[in-house]
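Shown here: input_36.txt, compact mmCIF, C-alpha atoms.
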```txt
# COMPACT_ATOMS: atom_id res chain seq x y z
CA MET P 29 5.97 -11.62 -27.48
CA ALA P 30 7.93 -8.82 -25.83
CA THR P 31 9.92 -8.88 -22.62
CA VAL P 32 11.09 -5.98 -20.47
CA ARG P 33 13.43 -6.71 -17.59
CA LEU P 34 14.30 -4.29 -14.81
CA SER P 35 16.72 -4.79 -11.94
CA PHE P 36 17.16 -2.37 -9.09
CA SER P 37 19.10 -1.96 -5.86
CA PRO P 38 16.90 -2.91 -2.91
CA ALA P 39 16.01 0.66 -1.92
CA PRO P 40 12.49 2.04 -1.40
CA VAL P 41 13.10 4.96 -3.76
CA HIS P 42 13.26 2.60 -6.77
CA VAL P 43 9.92 0.90 -6.15
CA ARG P 44 8.12 3.83 -7.78
CA THR P 45 10.25 3.40 -10.90
CA ALA P 46 9.28 -0.27 -11.07
CA ARG P 47 5.60 0.66 -10.76
CA LEU P 48 5.86 3.24 -13.54
CA VAL P 49 7.63 0.84 -15.89
CA GLY P 50 5.24 -1.99 -15.03
CA VAL P 51 2.19 0.10 -15.87
CA ALA P 52 3.74 1.48 -19.05
CA VAL P 53 4.47 -2.04 -20.30
CA ALA P 54 0.99 -3.22 -19.23
CA ARG P 55 -0.65 -0.44 -21.21
CA ARG P 56 1.48 -1.27 -24.23
CA ALA P 57 0.64 -4.97 -23.85
CA GLY P 58 -3.08 -4.24 -24.01
CA VAL P 59 -4.15 -4.64 -20.38
CA ALA P 60 -7.54 -2.95 -19.93
CA GLU P 61 -7.35 0.65 -18.75
CA GLU P 62 -9.55 -0.06 -15.73
CA LEU P 63 -7.06 -2.69 -14.49
CA LEU P 64 -4.01 -0.42 -14.59
CA ASP P 65 -4.49 0.94 -11.06
CA GLU P 66 -4.52 -2.63 -9.79
CA VAL P 67 -1.43 -3.52 -11.83
CA ARG P 68 0.36 -0.49 -10.38
CA LEU P 69 -0.58 -1.38 -6.83
CA ALA P 70 0.25 -5.09 -7.15
CA ILE P 71 3.68 -4.51 -8.74
CA GLY P 72 4.39 -1.94 -6.02
CA GLU P 73 3.42 -4.38 -3.27
CA ALA P 74 5.50 -7.21 -4.71
CA CYS P 75 8.55 -4.93 -5.07
CA THR P 76 8.05 -3.42 -1.61
CA ARG P 77 7.99 -6.91 -0.16
CA ALA P 78 11.20 -7.84 -2.02
CA VAL P 79 13.00 -4.67 -0.90
CA ALA P 80 11.92 -5.24 2.71
CA LEU P 81 13.22 -8.83 2.64
CA HIS P 82 16.58 -7.83 1.12
CA ASN P 83 16.98 -5.14 3.78
CA GLN P 84 15.90 -7.47 6.58
CA TYR P 85 18.50 -10.05 5.58
CA GLY P 86 21.18 -7.55 4.53
CA ILE P 87 21.18 -8.79 0.93
CA PRO P 88 22.66 -6.23 -1.48
CA ASP P 89 21.63 -8.18 -4.62
CA LEU P 90 19.33 -6.53 -7.11
CA VAL P 91 15.59 -7.15 -7.10
CA MET P 92 14.50 -8.36 -10.51
CA VAL P 93 11.24 -7.54 -12.28
CA GLU P 94 10.39 -9.19 -15.56
CA MET P 95 7.39 -8.20 -17.61
CA SER P 96 6.26 -10.14 -20.63
CA ASP P 97 3.25 -10.17 -22.88
CA SER P 98 2.15 -13.13 -24.89
CA ASP P 99 -1.41 -14.37 -24.43
CA SER P 100 -1.47 -12.42 -21.17
CA TYR P 101 0.58 -9.85 -19.27
CA THR P 102 2.89 -11.62 -16.83
CA VAL P 103 5.00 -9.87 -14.20
CA ARG P 104 7.55 -11.76 -12.13
CA VAL P 105 9.18 -10.07 -9.13
CA ILE P 106 12.15 -12.05 -7.84
CA ASP P 107 13.94 -11.59 -4.53
CA ARG P 108 17.01 -13.39 -3.19
CA ALA P 109 15.95 -13.75 0.44
CA PRO P 110 15.94 -17.13 2.26
CA ILE P 111 12.83 -19.06 1.34
CA GLU P 112 11.56 -19.33 4.93
CA ALA P 113 10.92 -15.57 4.77
CA SER P 114 7.93 -16.26 2.54
CA ILE P 115 6.28 -18.54 5.03
CA GLY P 116 3.67 -16.81 7.10
CA LEU P 117 2.28 -14.71 4.27
CA THR P 118 -1.31 -14.69 5.36
CA LYS P 119 -4.18 -12.27 5.29
CA LEU P 120 -4.88 -10.81 8.72
CA PRO P 121 -8.45 -10.91 10.07
CA PRO P 122 -10.01 -7.47 10.75
CA ASP P 123 -10.00 -7.82 14.54
CA GLU P 124 -6.22 -8.32 14.51
CA LEU P 125 -5.44 -5.34 12.27
CA ALA P 126 -5.58 -2.72 15.00
CA ASP P 127 -4.34 -5.08 17.69
CA GLU P 128 -1.91 -3.27 19.95
CA SER P 129 0.52 -6.20 19.99
CA LEU P 130 0.83 -6.39 16.20
CA THR P 131 4.10 -4.83 15.03
CA ASP P 132 4.11 -2.31 12.21
CA GLU P 133 6.15 -4.72 10.08
CA ALA P 134 3.73 -7.60 10.63
CA LEU P 135 0.80 -5.34 9.86
CA THR P 136 2.34 -4.00 6.66
CA THR P 137 3.27 -7.51 5.51
CA GLY P 138 -0.23 -8.82 6.18
CA VAL P 139 -1.91 -5.86 4.50
CA GLY P 140 0.48 -6.07 1.56
CA PHE P 141 -0.38 -9.71 1.03
CA ALA P 142 -4.11 -8.95 1.33
CA LEU P 143 -3.72 -6.36 -1.44
CA LEU P 144 -1.80 -8.76 -3.69
CA ALA P 145 -4.32 -11.54 -3.16
CA GLY P 146 -7.23 -9.13 -3.52
CA PHE P 147 -6.10 -7.43 -6.69
CA VAL P 148 -4.47 -10.27 -8.62
CA ASP P 149 -6.72 -13.12 -9.72
CA ASP P 150 -3.80 -15.15 -11.01
CA LEU P 151 -1.11 -14.96 -8.30
CA GLN P 152 1.65 -17.45 -7.49
CA VAL P 153 4.35 -17.22 -4.84
CA ARG P 154 7.00 -19.90 -5.26
CA PRO P 155 10.70 -20.58 -4.70
CA VAL P 156 13.06 -19.63 -7.52
CA ASP P 157 14.50 -22.53 -9.51
CA GLU P 158 18.10 -21.95 -8.46
CA GLY P 159 19.51 -20.65 -5.19
CA ALA P 160 17.72 -18.66 -2.52
CA GLY P 161 14.76 -16.51 -3.32
CA THR P 162 11.10 -16.27 -4.10
CA GLU P 163 9.23 -15.40 -7.24
CA VAL P 164 5.93 -13.53 -7.06
CA ARG P 165 4.19 -14.15 -10.38
CA MET P 166 1.17 -12.10 -11.39
CA VAL P 167 -0.85 -12.49 -14.58
CA TRP P 168 -3.44 -10.18 -16.12
CA PRO P 169 -5.51 -10.65 -19.29
CA VAL P 170 -4.75 -8.58 -22.39
CA HIS P 171 -7.00 -7.41 -25.19
CA ARG P 172 -5.31 -7.21 -28.55
CA ARG P 173 -6.13 -4.10 -30.55
CA MET U 17 4.00 12.83 -7.78
CA GLU U 18 5.84 13.79 -4.60
CA LEU U 19 4.19 13.56 -1.21
CA SER U 20 2.70 16.79 0.12
CA LEU U 21 1.61 17.34 3.72
CA THR U 22 -0.33 20.36 4.98
CA THR U 23 -1.81 20.79 8.43
CA ARG U 24 -4.76 22.98 9.39
CA THR U 25 -7.12 23.29 12.32
CA VAL U 26 -10.88 22.88 12.05
CA GLY U 27 -12.52 23.41 15.43
CA GLU U 28 -10.93 20.96 17.83
CA HIS U 29 -9.69 18.78 14.96
CA THR U 30 -6.27 18.81 13.39
CA VAL U 31 -6.66 18.08 9.69
CA LEU U 32 -3.69 16.73 7.76
CA ASP U 33 -4.12 17.13 4.01
CA VAL U 34 -2.09 14.50 2.19
CA GLY U 35 -1.34 14.68 -1.53
CA GLY U 36 0.62 12.65 -4.05
CA GLU U 37 1.94 9.13 -3.57
CA VAL U 38 2.15 7.41 -0.20
CA ASP U 39 4.41 4.40 -0.63
CA VAL U 40 7.39 2.61 0.92
CA TYR U 41 9.62 5.60 0.10
CA THR U 42 7.38 8.46 1.23
CA ALA U 43 5.44 6.81 4.09
CA PRO U 44 8.19 7.51 6.69
CA ARG U 45 7.59 11.26 6.17
CA LEU U 46 3.88 10.79 6.78
CA ARG U 47 4.68 8.79 9.93
CA GLU U 48 7.02 11.52 11.20
CA ARG U 49 4.39 14.21 10.66
CA LEU U 50 1.69 12.22 12.44
CA VAL U 51 4.01 11.49 15.37
CA GLU U 52 4.88 15.20 15.55
CA LEU U 53 1.20 16.13 15.64
CA VAL U 54 0.39 13.72 18.46
CA ASP U 55 3.54 14.62 20.39
CA GLY U 56 2.58 18.26 19.91
CA GLY U 57 -0.72 17.66 21.67
CA ALA U 58 -3.16 17.01 18.81
CA ARG U 59 -5.81 14.57 20.06
CA HIS U 60 -8.45 14.62 17.32
CA VAL U 61 -6.74 14.03 14.01
CA VAL U 62 -8.35 13.75 10.58
CA VAL U 63 -6.27 12.70 7.57
CA ASP U 64 -7.71 13.93 4.29
CA LEU U 65 -6.77 11.56 1.46
CA ALA U 66 -8.64 13.50 -1.27
CA ARG U 67 -5.46 14.43 -3.15
CA VAL U 68 -3.71 11.05 -2.73
CA ASP U 69 -2.95 9.37 -6.08
CA PHE U 70 -1.45 6.20 -4.69
CA LEU U 71 -1.55 4.43 -1.34
CA ASP U 72 0.17 1.12 -0.55
CA SER U 73 0.49 -1.22 2.43
CA THR U 74 3.27 0.86 3.97
CA GLY U 75 1.04 3.92 3.98
CA LEU U 76 -1.83 1.91 5.45
CA GLY U 77 0.52 0.68 8.18
CA VAL U 78 1.40 4.28 9.05
CA LEU U 79 -2.29 5.21 9.30
CA VAL U 80 -2.98 2.24 11.60
CA GLY U 81 -0.01 3.31 13.73
CA ALA U 82 -1.52 6.78 14.13
CA LEU U 83 -4.90 5.30 15.01
CA LYS U 84 -3.31 3.18 17.76
CA ARG U 85 -1.28 6.12 19.08
CA LEU U 86 -4.35 8.32 19.35
CA ARG U 87 -6.45 5.59 20.94
CA ALA U 88 -3.74 5.18 23.57
CA ALA U 89 -3.91 8.94 24.19
CA SER U 90 -7.74 8.86 24.45
CA GLY U 91 -8.00 10.77 21.20
CA SER U 92 -9.71 10.11 17.89
CA PHE U 93 -8.52 9.43 14.37
CA GLY U 94 -10.52 9.56 11.16
CA LEU U 95 -9.93 9.45 7.43
CA VAL U 96 -11.55 11.43 4.64
CA CYS U 97 -11.80 9.45 1.44
CA ALA U 98 -14.39 9.47 -1.33
CA LYS U 99 -12.32 7.97 -4.18
CA GLU U 100 -13.53 4.53 -5.15
CA PRO U 101 -10.05 3.09 -5.96
CA LEU U 102 -8.81 4.02 -2.49
CA LEU U 103 -12.00 2.85 -0.79
CA LYS U 104 -11.52 -0.51 -2.52
CA ILE U 105 -8.08 -0.79 -0.92
CA PHE U 106 -9.64 -0.26 2.51
CA ARG U 107 -12.33 -2.87 1.79
CA ILE U 108 -9.91 -5.51 0.48
CA THR U 109 -7.67 -5.19 3.52
CA ALA U 110 -10.69 -5.03 5.89
CA LEU U 111 -9.31 -1.73 7.19
CA ASP U 112 -12.70 -0.16 6.42
CA GLN U 113 -13.75 -1.95 9.61
CA VAL U 114 -10.88 -0.40 11.56
CA PHE U 115 -10.95 3.27 10.47
CA PRO U 116 -13.83 5.70 10.63
CA ILE U 117 -13.95 6.84 6.97
CA TYR U 118 -15.87 10.01 6.06
CA PRO U 119 -16.81 11.40 2.64
CA SER U 120 -15.71 14.95 3.48
CA VAL U 121 -13.70 16.96 5.99
CA GLU U 122 -16.96 18.60 7.07
CA ALA U 123 -18.46 15.20 7.90
CA ALA U 124 -15.31 14.13 9.76
CA THR U 125 -14.99 17.28 11.82
CA SER U 126 -18.69 17.74 12.60
CA THR U 127 -18.74 14.44 14.47
CA SER U 128 -18.25 14.70 18.18
CA SER U 129 -14.65 13.71 18.89
CA GLY U 130 -15.68 11.07 21.37
CA ASP U 131 -17.83 9.27 18.83
CA ARG U 132 -15.11 7.30 17.14
CA ASP U 133 -17.06 4.07 17.44
CA ASP U 134 -20.03 5.42 15.50
CA ASN U 135 -20.62 3.98 12.08
CA PRO U 136 -19.41 6.62 9.65
CA PRO U 137 -21.39 7.09 6.44
CA ALA U 138 -18.74 6.05 3.90
CA ALA U 139 -17.27 3.01 5.63
```
Would it be possible to restate this file's structure as C-alpha cells?
Amino acid sequence: MATVRLSFSPAPVHVRTARLVGVAVARRAGVAEELLDEVRLAIGEACTRAVALHNQYGIPDLVMVEMSDSDSYTVRVIDRAPIEASIGLTKLPPDELADESLTDEALTTGVGFALLAGFVDDLQVRPVDEGAGTEVRMVWPVHRR
Amino acid sequence: MELSLTTRTVGEHTVLDVGGEVDVYTAPRLRERLVELVDGGARHVVVDLARVDFLDSTGLGVLVGALKRLRAASGSFGLVCAKEPLLKIFRITALDQVFPIYPSVEAATSTSSGDRDDNPPAA
C-alpha cells in the first residue's frame, strides 16, 4: 500500500495541482484509464468545495488531500470548516437550476455535489474525528497489472 | 492548460470560443468576458466548448449566470458541445435541460435567435 499526502493553502490556483497529483497517483494505483476523467473531476470538486468553505469562514488552514491505494484507490479531502457548512448539500432539481432567485454560490454548490454524487459510486461525507471539519471520501476500484 | 477566450461574430450571433481548463481558478475570467459581451450589447451569445479540456461546477455556474443575464435582456444563449465527457457532465447535473446544446457552431448560429425554447439536437 502506498500513500501520497498533499496539503495546500485554500486558494483556487492550487486546486488544479491537486487534480493533477490525484490523477497521477490514480493511474499509478491501477485505476482504469476510462475512469481517470471522473477521478480528476471528483477530486477537483471536493477540493473546490473545501477551498470555498475555508474562504467563506476565513480559515487560513491548509486543505488536506490524502490518496492511498490498497484494494482500491481512496482519496480523502479534508477541510477545517464548521460542520454545519456541510448540511444542505443536496442535488438541485432541474427546474431550480436556472431559477432567477438562486444565487451563483448556491448553484455552484448544488451542481458540485451533483457531480460528486454522479461520478463517485462510493462517496462518503462525514465529520472529521477531531476538531472542526469534514472529510469527503471517494473510492474507486483498481486493477492490478 | 491555461484558459483561452476568443470572440468572433457569426451573423447576429457572438461566438465565444473557449479553450483549456475552466475551473474555480479560471472561471472568473470567463465570467468577466461574458459580462463584457452582454454589457457591450451582445444579445445572441454562443459559447463553443469544443476546445475545453476540463469543466467543473464553477464553470457551469458561470454559464448559467450568462444564460440568466441574456434571458433578462431578451436575448439567447446556447452552447456548442459534442464531446461525450462534457455532455455527461451536463446530463448528470440536469443542465442539459437548462441549456440549448448544439453539436456545432453552424447548428447553433443557424437557429433563429428567438427559438431558444426549441429542442436542440444534441441535448
Within 6 Å of chain U, which residues belong to chain P? Use only C-alpha atoms and report them as a compact mmCIF listing (two decimals) with C-alpha atoms, in the coordinates of the input.
```
# COMPACT_ATOMS: atom_id res chain seq x y z
CA PRO P 40 12.49 2.04 -1.40
CA VAL P 41 13.10 4.96 -3.76
CA PRO P 122 -10.01 -7.47 10.75
CA THR P 136 2.34 -4.00 6.66
CA VAL P 139 -1.91 -5.86 4.50
CA GLY P 140 0.48 -6.07 1.56
CA ALA P 142 -4.11 -8.95 1.33
```
Self-check item: Non-local contacts of U:Ser20 (7 Å; all atoms listed in the file; under 4 positions in same chain excluded) as JSON, numbers by chain
Solution: {"U": [34, 35, 36]}
Residue subset to file, keeping C-alpha atoms, as a PDB file, in the coordinates of the input:
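In the end it all went to result02.pdb:
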```
ATOM      1  CA  VAL U  34      -2.090  14.500   2.190  1.00  0.00           C
ATOM      2  CA  GLY U  35      -1.340  14.680  -1.530  1.00  0.00           C
ATOM      3  CA  GLY U  36       0.620  12.650  -4.050  1.00  0.00           C
TER       4      GLY U  36
END
```
Exercise. Return the single residue from P:Tyr101, P:Leu144, P:Leu69, P:Glu128 that is closest to P:Val167, with distances computed using only C-alpha atoms.
Key: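 Of all the options, P:Tyr101 lies closest to P:Val167.
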Quiz item: Quick one: distance from atom CA of P:Gly146 to atom CA of P:Val164 in Å, one decimal?
Solution: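 Separation of atom CA of P:Gly146 and atom CA of P:Val164: 14.3 Å.
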Practice problem: Work out how far apart atom CA of P:Val79 and atom CA of P:Val91 are and give it in Å to one decimal. | Solution: 7.2 Å
Exercise. Find the residues near P:Leu64: any atom within 9 Å, counting all atoms listed in the file, skip ones fewer than 4 places away on the same chain, and give them as a PyMOL selection string.
Key: chain P and resi 51+54-55+59-60+68-69
Quiz item: At what distance in Å, to one decimal, does atom CA of P:His42 lie from atom CA of P:Ile106?
Solution: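 Computing it gives 14.7 Å between the two atoms.
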Compile a residue-level contact table for stretch 70-135 of chain P against stretch 44-47 of chain P at a cut-off of 9 Å, reporting for every qualifying residue the shortest atom pair and its distance in Å to one decimal, with only C-alpha atoms counted, rows ordered by chain and ascending number, as CSV.
```
residue,atom,partner,partner_atom,distance
P:Ala70,CA,P:Arg47,CA,8.6
P:Ile71,CA,P:Arg47,CA,5.9
P:Gly72,CA,P:Arg47,CA,5.5
P:Cys75,CA,P:Ala46,CA,7.6
P:Val93,CA,P:Ala46,CA,7.6
```
Please dump the current selection as a PDB file, in the coordinates of the input; keep C-alpha atoms.
```pdb
ATOM      1  CA  ALA P  70       0.250  -5.090  -7.150  1.00  0.00           C
ATOM      2  CA  ILE P  71       3.680  -4.510  -8.740  1.00  0.00           C
ATOM      3  CA  GLY P  72       4.390  -1.940  -6.020  1.00  0.00           C
ATOM      4  CA  CYS P  75       8.550  -4.930  -5.070  1.00  0.00           C
ATOM      5  CA  VAL P  93      11.240  -7.540 -12.280  1.00  0.00           C
TER       6      VAL P  93
END
```
Self-check item: Counting all atoms listed in the file, the residue of P:Ala126, P:Thr162, P:Val43, P:Arg108 that sits nearest U:Leu86
Solution: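 Nearest to U:Leu86: P:Ala126.
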Quiz item: For P:Val170, which residue out of P:Arg104, P:His82, P:Arg56, P:Arg33 is the nearest one, using only C-alpha atoms?
Solution: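 Of P:Arg104, P:His82, P:Arg56, P:Arg33, the one nearest P:Val170 is P:Arg56, counting only C-alpha atoms.
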Practice problem: Rank P:Ala57, P:Glu158, P:Phe36, P:Asp127 by their smallest atom-to-atom distance to P:Thr102, using only C-alpha atoms, and report the top residue only. | Solution: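 Of P:Ala57, P:Glu158, P:Phe36, P:Asp127, the one nearest P:Thr102 is P:Ala57, counting only C-alpha atoms.
Distance check against U:Leu46 using all atoms listed in the file: of U:Leu79, U:Ala58, U:Val31, U:Leu102, the minimum falls on U:Leu79.
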Practice problem: Write out as a PyMOL selection string each polymer residue whose atoms come within 12 Å of P:Pro88, counting all atoms listed in the file; drop sequence neighbours fewer than 2 positions from it. | Solution: chain P and resi 36-39+78-86+90-91+107-109
Please return the centre and edge lengths, in Å to one decimal, of a box with edges along x, y and z that contains all listed atoms of stretch 96-115 of chain U, widened by 5 Å on every side, as JSON.
```
{"center_x": -11.0, "center_y": 3.0, "center_z": 2.8, "size_x": 16.7, "size_y": 26.9, "size_z": 27.5}
```
Self-check item: Residue with smallest distance to U:Glu18 - pool U:Pro116, U:Arg67, U:Cys97, U:Ser92, counting only C-alpha atoms
Solution: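 The closest residue to U:Glu18 is U:Arg67.
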Exercise. Name all residues at most 6 Å from stretch 118-122 of chain U (count only C-alpha atoms; drop same-chain ones fewer than 3 positions away) and give them as a list of chain:residue names.
Key: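 Listed by chain and then number, they are U:Val96, U:Cys97, U:Ala98, U:Thr125, U:Ser126, U:Ala138.
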